[in-house]
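Student: This is work_3.txt (compact mmCIF, C-alpha atoms).
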```txt
# COMPACT_ATOMS: atom_id res chain seq x y z
CA MET A 1 23.89 -33.92 116.27
CA THR A 2 26.35 -34.93 118.98
CA ALA A 3 28.48 -32.08 120.28
CA VAL A 4 32.23 -32.37 119.70
CA ALA A 5 33.95 -32.86 123.06
CA MET A 6 36.91 -30.49 123.22
CA ALA A 7 39.75 -30.14 125.68
CA ILE A 8 41.98 -27.11 126.11
CA ILE A 9 45.71 -27.04 126.62
CA GLY A 10 46.33 -23.80 128.49
CA SER A 11 44.65 -22.31 131.55
CA SER A 12 45.45 -18.60 131.67
CA GLY A 13 45.68 -15.64 129.32
CA HIS A 14 44.19 -16.45 125.92
CA ALA A 15 42.96 -19.88 127.02
CA SER A 16 40.98 -18.43 129.91
CA ARG A 17 39.93 -15.16 128.31
CA ILE A 18 38.85 -16.47 124.87
CA VAL A 19 39.18 -20.21 124.26
CA ALA A 20 37.19 -21.64 127.17
CA PRO A 21 34.17 -19.29 126.88
CA VAL A 22 34.08 -19.64 123.09
CA ILE A 23 33.89 -23.43 123.32
CA ALA A 24 31.31 -23.25 126.11
CA GLU A 25 29.06 -20.99 124.03
CA ALA A 26 29.52 -22.74 120.69
CA ALA A 27 26.82 -24.71 118.99
CA GLY A 28 28.15 -28.19 118.24
CA ALA A 29 30.88 -28.25 120.87
CA ARG A 30 31.25 -28.72 124.60
CA LEU A 31 34.14 -28.09 126.96
CA ALA A 32 35.25 -31.51 128.20
CA GLY A 33 38.48 -30.72 130.01
CA VAL A 34 41.49 -28.53 130.67
CA LEU A 35 45.21 -29.22 130.89
CA GLY A 36 46.83 -26.29 132.67
CA SER A 37 50.42 -25.28 133.18
CA THR A 38 49.91 -26.72 136.68
CA PRO A 39 47.17 -29.06 137.95
CA GLU A 40 45.92 -26.26 140.20
CA ARG A 41 45.52 -23.79 137.33
CA GLY A 42 43.85 -26.38 135.15
CA SER A 43 41.44 -27.29 137.92
CA ALA A 44 40.61 -23.64 138.60
CA LEU A 45 39.59 -23.05 134.98
CA ALA A 46 37.73 -26.37 134.63
CA GLN A 47 35.66 -25.66 137.73
CA ARG A 48 34.15 -22.62 136.03
CA TYR A 49 32.49 -24.85 133.42
CA PRO A 50 30.04 -27.59 134.49
CA GLY A 51 31.02 -30.99 133.14
CA ALA A 52 34.64 -30.06 132.44
CA ARG A 53 37.41 -31.97 134.15
CA SER A 54 41.09 -31.17 134.65
CA TYR A 55 44.00 -33.40 133.67
CA GLU A 56 47.19 -34.10 135.54
CA SER A 57 49.20 -34.65 132.35
CA LEU A 58 49.11 -34.52 128.57
CA GLU A 59 49.06 -38.30 128.54
CA ALA A 60 45.94 -38.34 130.71
CA LEU A 61 44.21 -35.97 128.32
CA CYS A 62 45.10 -38.09 125.30
CA GLU A 63 43.91 -41.25 127.05
CA ASP A 64 40.46 -39.72 127.62
CA SER A 65 38.32 -41.49 125.02
CA MET A 66 35.58 -38.91 125.50
CA VAL A 67 37.73 -36.14 123.98
CA ASP A 68 37.37 -35.70 120.23
CA ALA A 69 39.49 -32.60 119.68
CA VAL A 70 41.94 -30.31 121.43
CA TRP A 71 42.41 -26.55 121.20
CA VAL A 72 46.11 -26.01 121.89
CA ALA A 73 46.67 -22.57 123.42
CA GLY A 74 49.83 -22.73 125.54
CA PRO A 75 53.16 -20.91 125.03
CA ASN A 76 54.64 -20.92 121.52
CA ASP A 77 57.49 -23.30 122.26
CA ARG A 78 55.08 -26.04 123.38
CA HIS A 79 52.66 -25.81 120.42
CA ALA A 80 54.35 -28.37 118.18
CA GLU A 81 55.01 -30.85 121.00
CA HIS A 82 51.48 -30.69 122.38
CA ALA A 83 49.84 -30.87 118.96
CA HIS A 84 52.09 -33.77 117.89
CA VAL A 85 51.10 -35.87 120.90
CA CYS A 86 47.40 -35.10 120.48
CA LEU A 87 47.39 -35.86 116.75
CA SER A 88 49.30 -39.10 117.35
CA ALA A 89 46.58 -40.09 119.83
CA GLY A 90 43.90 -39.55 117.19
CA LYS A 91 42.66 -36.20 118.48
CA HIS A 92 41.83 -33.43 116.02
CA VAL A 93 43.64 -30.17 116.77
CA LEU A 94 42.83 -26.49 116.50
CA LEU A 95 46.26 -24.96 117.12
CA GLU A 96 46.98 -21.38 118.10
CA LYS A 97 49.61 -19.61 116.03
CA PRO A 98 52.46 -19.99 115.56
CA MET A 99 52.19 -23.59 114.48
CA ALA A 100 55.75 -24.10 115.76
CA THR A 101 58.85 -22.06 116.52
CA THR A 102 60.93 -23.73 113.76
CA ALA A 103 60.14 -24.62 110.17
CA GLU A 104 61.40 -28.16 110.73
CA ALA A 105 58.98 -28.76 113.60
CA ALA A 106 56.11 -27.27 111.61
CA GLN A 107 56.78 -29.57 108.67
CA ARG A 108 56.93 -32.63 110.94
CA LEU A 109 53.60 -31.63 112.46
CA ALA A 110 51.97 -31.32 109.06
CA GLU A 111 53.21 -34.80 108.21
CA VAL A 112 51.82 -36.26 111.44
CA SER A 113 48.39 -34.87 110.63
CA VAL A 114 48.45 -36.55 107.22
CA ASP A 115 49.80 -39.84 108.58
CA THR A 116 47.16 -40.06 111.33
CA GLY A 117 44.24 -38.84 109.22
CA THR A 118 43.44 -36.17 111.79
CA CYS A 119 42.34 -32.59 111.18
CA LEU A 120 44.86 -29.86 112.00
CA LEU A 121 43.92 -26.21 111.52
CA VAL A 122 45.85 -23.20 112.82
CA GLY A 123 44.04 -20.29 114.47
CA PHE A 124 44.66 -17.23 112.33
CA GLN A 125 41.44 -15.50 113.30
CA HIS A 126 41.87 -12.43 111.08
CA ARG A 127 40.65 -14.56 108.18
CA PHE A 128 37.24 -14.41 109.82
CA ARG A 129 36.85 -10.63 109.88
CA PRO A 130 34.34 -9.32 107.30
CA GLY A 131 36.53 -6.53 105.92
CA HIS A 132 39.32 -8.97 105.16
CA ALA A 133 36.89 -11.34 103.43
CA TRP A 134 35.81 -8.43 101.22
CA LEU A 135 39.43 -7.78 100.21
CA ARG A 136 40.00 -11.44 99.37
CA ASP A 137 36.84 -11.53 97.24
CA ALA A 138 37.96 -8.36 95.45
CA VAL A 139 41.30 -9.98 94.57
CA GLN A 140 39.58 -13.18 93.44
CA SER A 141 37.25 -11.22 91.15
CA ALA A 142 40.11 -9.08 89.79
CA ARG A 143 38.22 -5.94 90.80
CA PHE A 144 41.48 -4.01 91.01
CA GLY A 145 43.15 -5.68 88.06
CA GLU A 146 46.50 -7.32 88.64
CA ILE A 147 47.69 -6.67 92.19
CA GLY A 148 51.14 -5.13 92.38
CA LEU A 149 51.40 -4.14 96.05
CA LEU A 150 49.82 -5.34 99.27
CA ARG A 151 50.77 -3.44 102.41
CA ILE A 152 49.68 -4.45 105.90
CA HIS A 153 50.41 -2.23 108.89
CA ARG A 154 49.54 -3.06 112.46
CA PHE A 155 51.10 -1.80 115.69
CA TRP A 156 49.88 -3.02 119.09
CA PRO A 157 51.81 -1.67 122.11
CA PHE A 158 52.85 -4.18 124.77
CA PRO A 159 51.37 -5.15 127.23
CA TYR A 160 48.42 -6.17 125.11
CA PHE A 161 45.92 -6.70 127.91
CA PRO A 162 45.45 -5.10 131.36
CA GLU A 163 46.26 -8.32 133.24
CA MET A 164 49.68 -8.65 131.56
CA SER A 165 52.84 -7.40 133.21
CA GLY A 166 54.40 -4.42 131.52
CA ASP A 167 57.84 -5.94 132.05
CA PRO A 168 58.66 -8.02 128.94
CA ALA A 169 61.33 -9.94 130.87
CA ALA A 170 58.51 -11.43 132.96
CA SER A 171 56.92 -13.02 129.89
CA TRP A 172 57.99 -15.95 127.75
CA ARG A 173 57.03 -13.82 124.74
CA SER A 174 60.28 -11.83 124.86
CA SER A 175 62.46 -14.95 124.86
CA PRO A 176 63.64 -15.87 121.34
CA ALA A 177 63.86 -19.53 122.31
CA ARG A 178 60.33 -19.68 123.73
CA SER A 179 58.53 -17.32 121.38
CA GLY A 180 60.37 -18.01 118.14
CA GLY A 181 60.23 -14.26 117.53
CA TRP A 182 58.45 -11.71 119.70
CA VAL A 183 56.48 -9.20 117.64
CA LEU A 184 56.96 -11.38 114.58
CA ASN A 185 54.90 -14.15 116.17
CA ASP A 186 52.62 -12.11 118.44
CA ILE A 187 51.44 -9.88 115.59
CA GLY A 188 53.48 -10.45 112.45
CA ALA A 189 52.46 -14.08 111.91
CA HIS A 190 48.83 -12.96 111.73
CA LEU A 191 49.71 -10.35 109.12
CA LEU A 192 51.72 -12.81 107.04
CA ASP A 193 48.86 -15.29 107.05
CA LEU A 194 46.38 -12.57 106.13
CA ALA A 195 48.52 -11.53 103.17
CA ARG A 196 48.80 -15.11 101.99
CA TRP A 197 45.06 -15.65 102.38
CA VAL A 198 43.98 -12.43 100.66
CA LEU A 199 46.26 -13.10 97.69
CA ASP A 200 45.74 -16.89 97.81
CA VAL A 201 49.35 -17.54 96.81
CA PRO A 202 52.51 -18.45 98.75
CA LEU A 203 54.84 -15.70 99.96
CA GLU A 204 58.62 -15.57 99.77
CA LEU A 205 60.73 -13.38 102.04
CA VAL A 206 62.92 -10.86 100.20
CA CYS A 207 64.37 -8.98 103.17
CA ALA A 208 63.66 -8.18 106.81
CA ARG A 209 64.48 -5.30 109.10
CA THR A 210 63.90 -6.16 112.74
CA THR A 211 65.03 -4.16 115.72
CA ASN A 212 64.34 -3.05 119.27
CA VAL A 213 62.93 0.44 119.47
CA ARG A 214 61.62 0.50 123.02
CA PHE A 215 62.42 -2.79 124.74
CA THR A 216 66.18 -2.60 124.25
CA ASP A 217 67.03 -4.90 127.16
CA VAL A 218 65.52 -8.03 125.59
CA ASP A 219 66.91 -10.18 122.79
CA ALA A 220 63.71 -10.62 120.76
CA GLU A 221 62.58 -7.92 118.33
CA ASP A 222 59.83 -5.43 119.17
CA THR A 223 59.55 -3.90 115.69
CA ALA A 224 59.77 -5.42 112.21
CA VAL A 225 59.34 -4.53 108.56
CA LEU A 226 59.28 -7.40 106.07
CA VAL A 227 59.35 -7.21 102.28
CA LEU A 228 58.07 -10.28 100.48
CA GLN A 229 57.15 -11.31 96.96
CA ALA A 230 54.25 -13.34 95.65
CA PRO A 231 53.39 -14.57 92.17
CA PRO A 232 52.95 -13.29 89.60
CA ARG A 233 54.44 -9.83 90.36
CA VAL A 234 53.20 -8.82 93.81
CA THR A 235 55.28 -7.01 96.42
CA VAL A 236 54.06 -7.46 100.00
CA VAL A 237 55.13 -5.15 102.83
CA ILE A 238 54.45 -6.04 106.47
CA GLU A 239 54.97 -3.39 109.18
CA THR A 240 54.47 -4.26 112.81
CA SER A 241 55.56 -3.17 116.27
CA ASN A 242 54.63 -3.70 119.90
CA ALA A 243 56.85 -0.79 120.94
CA MET A 244 55.17 2.18 119.26
CA SER A 245 51.71 3.70 119.03
CA SER A 246 50.05 4.15 115.66
CA PHE A 247 46.80 4.76 113.83
CA PRO A 248 44.37 1.79 113.50
CA GLY A 249 45.76 -1.15 111.55
CA ALA A 250 45.62 -0.72 107.78
CA VAL A 251 45.54 -3.02 104.77
CA GLU A 252 46.22 -1.53 101.33
CA LEU A 253 45.71 -3.18 97.95
CA HIS A 254 47.11 -1.50 94.84
CA GLY A 255 46.39 -2.91 91.39
CA THR A 256 46.50 -1.99 87.72
CA ALA A 257 42.79 -1.08 87.76
CA GLY A 258 42.24 0.44 91.22
CA TRP A 259 43.00 0.39 94.91
CA ALA A 260 41.47 -0.20 98.34
CA ARG A 261 42.50 0.89 101.81
CA ALA A 262 41.08 -0.83 104.90
CA GLY A 263 41.27 0.71 108.37
CA GLY A 264 40.29 -0.57 111.80
CA THR A 265 39.54 -4.05 110.50
CA PHE A 266 41.76 -5.76 113.10
CA ASP A 267 40.00 -4.32 116.11
CA GLY A 268 36.31 -4.25 115.19
CA GLY A 269 34.28 -3.84 112.06
CA GLY A 270 36.36 -1.14 110.40
CA TRP A 271 35.94 0.39 106.96
CA ILE A 272 37.30 0.19 103.41
CA ASP A 273 37.84 3.11 101.03
CA THR A 274 38.27 2.47 97.29
CA ASP A 275 39.41 4.34 94.21
CA ALA A 276 35.75 4.59 93.16
CA GLY A 277 35.13 7.04 96.02
CA GLU A 278 33.08 4.58 98.06
CA ARG A 279 33.39 3.85 101.76
CA LEU A 280 32.28 0.44 102.98
CA ASP A 281 31.54 0.19 106.70
CA PHE A 282 31.52 -3.17 108.49
CA ALA A 283 29.51 -3.96 111.61
CA ALA A 284 31.56 -4.19 114.80
CA ILE A 285 32.64 -7.68 115.77
CA THR A 286 34.19 -8.76 119.07
CA ALA A 287 37.24 -10.98 119.49
CA SER A 288 35.03 -13.72 120.94
CA GLU A 289 32.78 -13.58 117.88
CA VAL A 290 35.76 -13.83 115.54
CA TYR A 291 37.15 -16.83 117.41
CA GLY A 292 33.66 -18.30 117.48
CA ARG A 293 33.67 -18.21 113.70
CA ALA A 294 37.08 -19.88 113.65
CA LEU A 295 35.80 -22.62 115.94
CA ALA A 296 32.67 -23.11 113.83
CA ASP A 297 34.91 -23.47 110.78
CA PHE A 298 37.00 -26.11 112.58
CA LEU A 299 33.88 -28.03 113.60
CA GLY A 300 32.66 -27.87 110.01
CA ALA A 301 35.97 -29.30 108.80
CA LEU A 302 35.50 -32.25 111.15
CA SER A 303 32.23 -32.92 109.33
CA GLY A 304 33.90 -32.77 105.94
CA ALA A 305 33.32 -29.14 104.95
CA PRO A 306 36.17 -27.32 103.18
CA PRO A 307 37.94 -25.26 105.86
CA HIS A 308 38.19 -21.51 105.73
CA GLY A 309 40.97 -21.51 108.34
CA ALA A 310 44.69 -21.98 107.79
CA SER A 311 45.83 -25.44 106.77
CA ALA A 312 48.96 -27.03 108.18
CA THR A 313 50.78 -26.39 104.90
CA GLU A 314 49.88 -22.69 104.89
CA ALA A 315 50.77 -22.25 108.56
CA ALA A 316 54.12 -24.01 108.06
CA GLU A 317 54.97 -21.51 105.31
CA THR A 318 54.39 -18.67 107.77
CA VAL A 319 56.67 -20.32 110.35
CA ALA A 320 59.43 -20.58 107.75
CA ILE A 321 59.15 -16.87 106.90
CA VAL A 322 59.27 -15.82 110.56
CA GLU A 323 62.25 -18.09 111.18
CA ALA A 324 64.09 -16.57 108.22
CA ALA A 325 63.31 -13.01 109.38
CA VAL A 326 64.57 -13.75 112.89
CA ALA A 327 67.72 -15.35 111.46
CA ASP A 328 68.39 -12.20 109.44
CA ARG A 329 68.36 -10.16 112.64
CA MET A 330 70.49 -12.59 114.60
CA THR A 331 73.20 -12.98 111.94
CA ALA A 332 73.39 -9.59 110.19
CA PRO A 333 76.34 -7.41 111.24
CA VAL A 334 75.48 -4.10 112.84
CA GLU A 335 76.97 -1.22 110.88
CA GLN A 336 78.43 1.46 113.10
CA VAL A 337 77.75 4.86 111.55
CA PRO A 338 79.96 7.65 112.83
CA VAL A 339 78.15 10.73 114.10
CA ASP A 340 79.76 14.10 113.51
```
So, in terms of structure tokens, how does the structure I just supplied come out?

Tutor:
Amino acid sequence: MTAVAMAIIGSSGHASRIVAPVIAEAAGARLAGVLGSTPERGSALAQRYPGARSYESLEALCEDSMVDAVWVAGPNDRHAEHAHVCLSAGKHVLLEKPMATTAEAAQRLAEVSVDTGTCLLVGFQHRFRPGHAWLRDAVQSARFGEIGLLRIHRFWPFPYFPEMSGDPAASWRSSPARSGGWVLNDIGAHLLDLARWVLDVPLELVCARTTNVRFTDVDAEDTAVLVLQAPPRVTVVIETSNAMSSFPGAVELHGTAGWARAGGTFDGGGWIDTDAGERLDFAAITASEVYGRALADFLGALSGAPPHGASATEAAETVAIVEAAVADRMTAPVEQVPVD
């Protein structure tokens, strides 16, 4: 079987730390090239992988007939543009979340994928963690009866990695225009997708509370609580922050016939407790292994297998929810409460 030749858009951060090594180690794929934020950065990453070349421009990448697919991993505000050009050139795309920073751009991108007959999947890697798969299977089998409440809690203090600056003003992530929502897209988009995937139904935003708890000098939110609804009668609560410390991320399912509470499933194997008094432990899994599973799923989709990853339609729904939550924060009046 011929390996799928993949190029990367992005040359630092996630692209360098995860994307490039995952492609290089994957069965069925090879790293063909890199488009960096500058030619020098792209060249530096490409030189670490034999056979990979660097591109001077997006057009040069798309003109490379040897490239079958592109993993788009640059800043949020360039996702839709980069993916649109690649899809229009006949390249399949594995796109990092968020799919776009506006619902309109996300919808256009989904349409381009259909019109060009190309594959577009969006990289919500938490679908590929074993504890989360167990929760989805439990919902599908009605183990807990009719689900009435799904709560997902995950805090992850900024900076996320040692090489990142602790000054949010130094990062595009804290810019509303470039990020489309700071914690809501860094962390919250993953949680929204996970909720949609576990329940296997669309979500609708009921209300949002977003604020700045720690990073008060930036315009984008660092903490958010979202309340959503899903058919038939499910309430979904998402709690996330990059400003505060917390216990390991938790996912709770409450139904008419039982409950489950997952802990630590975002950062390793984790565990699940149930109303039956059982504790299920899951083997530790690294971030590279999780992304490796996401890549394998993408490669399978190129061969015609039903994808496990997020479709363009599902990812566009998440963009619309984030956009609505950000709009609530930007337009809601601030009530001044007198203090005695």

Student: Please compute the atom CA of A:Leu135-atom CA of A:Ala294 distance, one decimal, in Å.

Tutor: 18.2 Å

Student: Extract, using only C-alpha atoms, all DNA, RNA and protein residues at most 6 Å from stretch 97-108 of chain A, discarding same-chain residues fewer than 5 positions from it, and format them as a list of chain:residue names.

Tutor: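 Non-adjacent residues within range: A:His79, A:Ala80, A:Gly123, A:Gly180, A:Ala316, A:Val319, A:Ala320.
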
Student: Can you tell me, as number ranges by chain, what residues are no more than 12 Å from A:Ala170 when counting only C-alpha atoms, ignoring any on the same chain fewer than 6 positions away?

Tutor: A: 159, 164, 218

Student: Wanna dump the stretch 212-267 of chain A-stretch 189-201 of chain A contacts at 9 Å for me, each residue with its shortest atom pair and the distance in Å to one decimal, counting only C-alpha atoms, ordered by chain and number, as JSON lines?

Tutor:
```
{"residue": "A:Ala230", "atom": "CA", "partner": "A:Val201", "partner_atom": "CA", "distance": 6.6}
{"residue": "A:Pro231", "atom": "CA", "partner": "A:Val201", "partner_atom": "CA", "distance": 6.8}
{"residue": "A:Val236", "atom": "CA", "partner": "A:Ala195", "partner_atom": "CA", "distance": 7.6}
{"residue": "A:Ile238", "atom": "CA", "partner": "A:Leu191", "partner_atom": "CA", "distance": 6.9}
{"residue": "A:Glu239", "atom": "CA", "partner": "A:Leu191", "partner_atom": "CA", "distance": 8.7}
{"residue": "A:Thr240", "atom": "CA", "partner": "A:Leu191", "partner_atom": "CA", "distance": 8.6}
```

Student: Skipping near chain neighbours, those fewer than 4 positions away, what residues fall within 10 Å of A:Trp172 using all atoms listed in the file, listed as a PyMOL selection string?

Tutor: chain A and resi 75-77+168+176-179+182

Student: For atom CA of A:Glu59 and atom CA of A:Ala24, determine how far apart the two atoms are, in Å to one decimal place.

Tutor: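 So the answer is 23.4 Å.
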
Student: Dump as CSV the rows for residues of stretch 136-250 of chain A within 12 Å of stretch 274-285 of chain A: closest atom pair and distance in Å with one decimal, only C-alpha atoms counted, ordered by chain and rising residue number.

Tutor:
```
residue,atom,partner,partner_atom,distance
A:Ala138,CA,A:Thr274,CA,11.0
A:Arg143,CA,A:Thr274,CA,10.6
A:Phe144,CA,A:Asp275,CA,9.2
```

Student: Can you tell me how far atom CA of A:His254 sits from atom CA of A:Gly145, in Å to one decimal?

Tutor: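 Distance reported for this atom pair: 8.9 Å.
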
Student: Compile the contact shell of A:Thr265 as an NGL selection string: residues with an atom at most 10 Å away, counting all atoms listed in the file, same-chain residues fewer than 6 positions apart removed.

Tutor: :A and (126 or 129-132 or 248-251 or 271-272 or 281-282 or 284-285)

Student: Have a look at A:Met66, A:Leu94, A:Leu45, A:Leu87 and name the one nearest to A:Arg17; count all atoms listed in the file.

Tutor: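 Under the stated criterion, the closest residue is A:Leu45.
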
Student: At a cut-off of 12 Å, can you tabulate as CSV every residue of stretch 47-86 of chain A near stretch 18-23 of chain A together with its closest atom pair and the distance in Å to one decimal, using all atoms listed in the file and ordering rows by chain then number?

Tutor:
```
residue,atom,partner,partner_atom,distance
A:Gln47,CA,A:Ala20,CA,11.4
A:Arg48,CA,A:Ala20,CA,9.4
A:Tyr49,CA,A:Ala20,CA,8.5
A:Pro50,CA,A:Ala20,CA,11.8
A:Ala52,CA,A:Ala20,CA,10.3
A:Ala69,CA,A:Ile23,CA,11.3
A:Val70,CA,A:Ile23,CA,10.8
A:Trp71,CA,A:Val19,CA,7.7
A:Val72,CA,A:Val19,CA,9.3
A:Ala73,CA,A:Val19,CA,7.9
A:Gly74,CA,A:Val19,CA,11.0
```

Student: Keeping only C-alpha atoms, write the selected residues to a file as an mmCIF file, in the coordinates of the input.

Tutor:
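So part-v2.cif came out as:
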```
data_model
loop_
_atom_site.group_PDB
_atom_site.id
_atom_site.type_symbol
_atom_site.label_atom_id
_atom_site.label_comp_id
_atom_site.auth_asym_id
_atom_site.auth_seq_id
_atom_site.Cartn_x
_atom_site.Cartn_y
_atom_site.Cartn_z
ATOM 1 C CA GLN A 47 35.660 -25.660 137.730
ATOM 2 C CA ARG A 48 34.150 -22.620 136.030
ATOM 3 C CA TYR A 49 32.490 -24.850 133.420
ATOM 4 C CA PRO A 50 30.040 -27.590 134.490
ATOM 5 C CA ALA A 52 34.640 -30.060 132.440
ATOM 6 C CA ALA A 69 39.490 -32.600 119.680
ATOM 7 C CA VAL A 70 41.940 -30.310 121.430
ATOM 8 C CA TRP A 71 42.410 -26.550 121.200
ATOM 9 C CA VAL A 72 46.110 -26.010 121.890
ATOM 10 C CA ALA A 73 46.670 -22.570 123.420
ATOM 11 C CA GLY A 74 49.830 -22.730 125.540
#
```

Student: From the list A:Val225, A:Ile8, A:Ala29, A:Leu149, which residue is nearest A:Ser54 when using only C-alpha atoms?

Tutor: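 Result for the nearest residue to A:Ser54: A:Ile8.
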
Student: For A:Ala3, which residue among A:Gly300, A:Glu163, A:Leu95, A:Ile321 is the nearest when counting all atoms listed in the file?

Tutor: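 The answer is A:Gly300, which sits nearest to A:Ala3.
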
Student: Pull the closest atom pair for each residue of stretch 92-188 of chain A that gets at most 8 Å from stretch 81-84 of chain A, along with the distance in Å to one decimal, counting all atoms listed in the file, ordering rows by chain and then ascending residue number, as a Markdown table.

Tutor:
```
| residue | atom | partner | partner_atom | distance |
| --- | --- | --- | --- | --- |
| A:Val93 | CA | A:Ala83 | CA | 6.6 |
| A:Leu95 | CA | A:Ala83 | CA | 7.2 |
| A:Leu109 | CA | A:His84 | CA | 6.0 |
| A:Val112 | CA | A:His84 | CA | 6.9 |
```

Student: Out of A:Glu323, A:Gly263, A:Ala220, A:Val227, which residue has the shortest atom-to-atom distance to A:Val206 when counting only C-alpha atoms?

Tutor: A:Val227

Student: Would you compute an axis-aligned box for stretch 1-12 of chain A, covering every atom listed for it in the file with 4 Å of margin on each side, and report centre and edge lengths in Å to one decimal as lines of an AutoDock Vina configuration file?

Tutor:
```
center_x = 35.1
center_y = -26.8
center_z = 124.0
size_x = 30.4
size_y = 24.3
size_z = 23.4
```

Student: Find the residues near A:Thr38: any atom within 12 Å, counting only C-alpha atoms, skip ones fewer than 5 places away on the same chain, and give them as a ChimeraX atom specification.

Tutor: /A:9-12,43-45,54-58,74

Student: Name the closest residue to A:Asp267 among the candidates A:Asp222, A:Gly166, A:Arg154, A:Gly188; distances are taken between atoms, counting all atoms listed in the file.

Tutor: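 The closest residue to A:Asp267 is A:Arg154.
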
Student: Kindly reconstruct stretch 320-325 of chain A with all heavy atoms and present the result as a CSV table (one decimal), in the coordinates of the input.

Tutor:
```
chain,number,residue,atom,x,y,z
A,320,ALA,N,58.2,-20.7,108.5
A,320,ALA,CA,59.4,-20.6,107.8
A,320,ALA,C,59.8,-19.1,107.5
A,320,ALA,O,61.0,-18.8,107.6
A,320,ALA,CB,59.3,-21.4,106.4
A,321,ILE,N,58.9,-18.3,107.2
A,321,ILE,CA,59.2,-16.9,106.9
A,321,ILE,C,59.6,-16.2,108.2
A,321,ILE,O,60.6,-15.4,108.2
A,321,ILE,CB,57.9,-16.2,106.3
A,321,ILE,CG1,57.6,-16.7,104.9
A,321,ILE,CG2,58.1,-14.6,106.3
A,321,ILE,CD1,56.3,-16.2,104.3
A,322,VAL,N,58.9,-16.4,109.3
A,322,VAL,CA,59.3,-15.8,110.6
A,322,VAL,C,60.7,-16.3,111.0
A,322,VAL,O,61.5,-15.5,111.4
A,322,VAL,CB,58.2,-16.2,111.7
A,322,VAL,CG1,58.8,-15.7,113.0
A,322,VAL,CG2,56.9,-15.5,111.4
A,323,GLU,N,60.9,-17.6,110.8
A,323,GLU,CA,62.2,-18.1,111.2
A,323,GLU,C,63.3,-17.4,110.4
A,323,GLU,O,64.4,-17.0,110.9
A,323,GLU,CB,62.3,-19.6,110.9
A,323,GLU,CG,63.6,-20.3,111.4
A,323,GLU,CD,63.5,-21.8,111.2
A,323,GLU,OE1,63.3,-22.2,110.0
A,323,GLU,OE2,63.8,-22.5,112.2
A,324,ALA,N,63.1,-17.2,109.1
A,324,ALA,CA,64.1,-16.6,108.2
A,324,ALA,C,64.3,-15.1,108.6
A,324,ALA,O,65.4,-14.6,108.6
A,324,ALA,CB,63.7,-16.7,106.8
A,325,ALA,N,63.2,-14.4,109.0
A,325,ALA,CA,63.3,-13.0,109.4
A,325,ALA,C,64.1,-12.9,110.7
A,325,ALA,O,64.9,-12.0,110.8
A,325,ALA,CB,61.9,-12.4,109.5
```
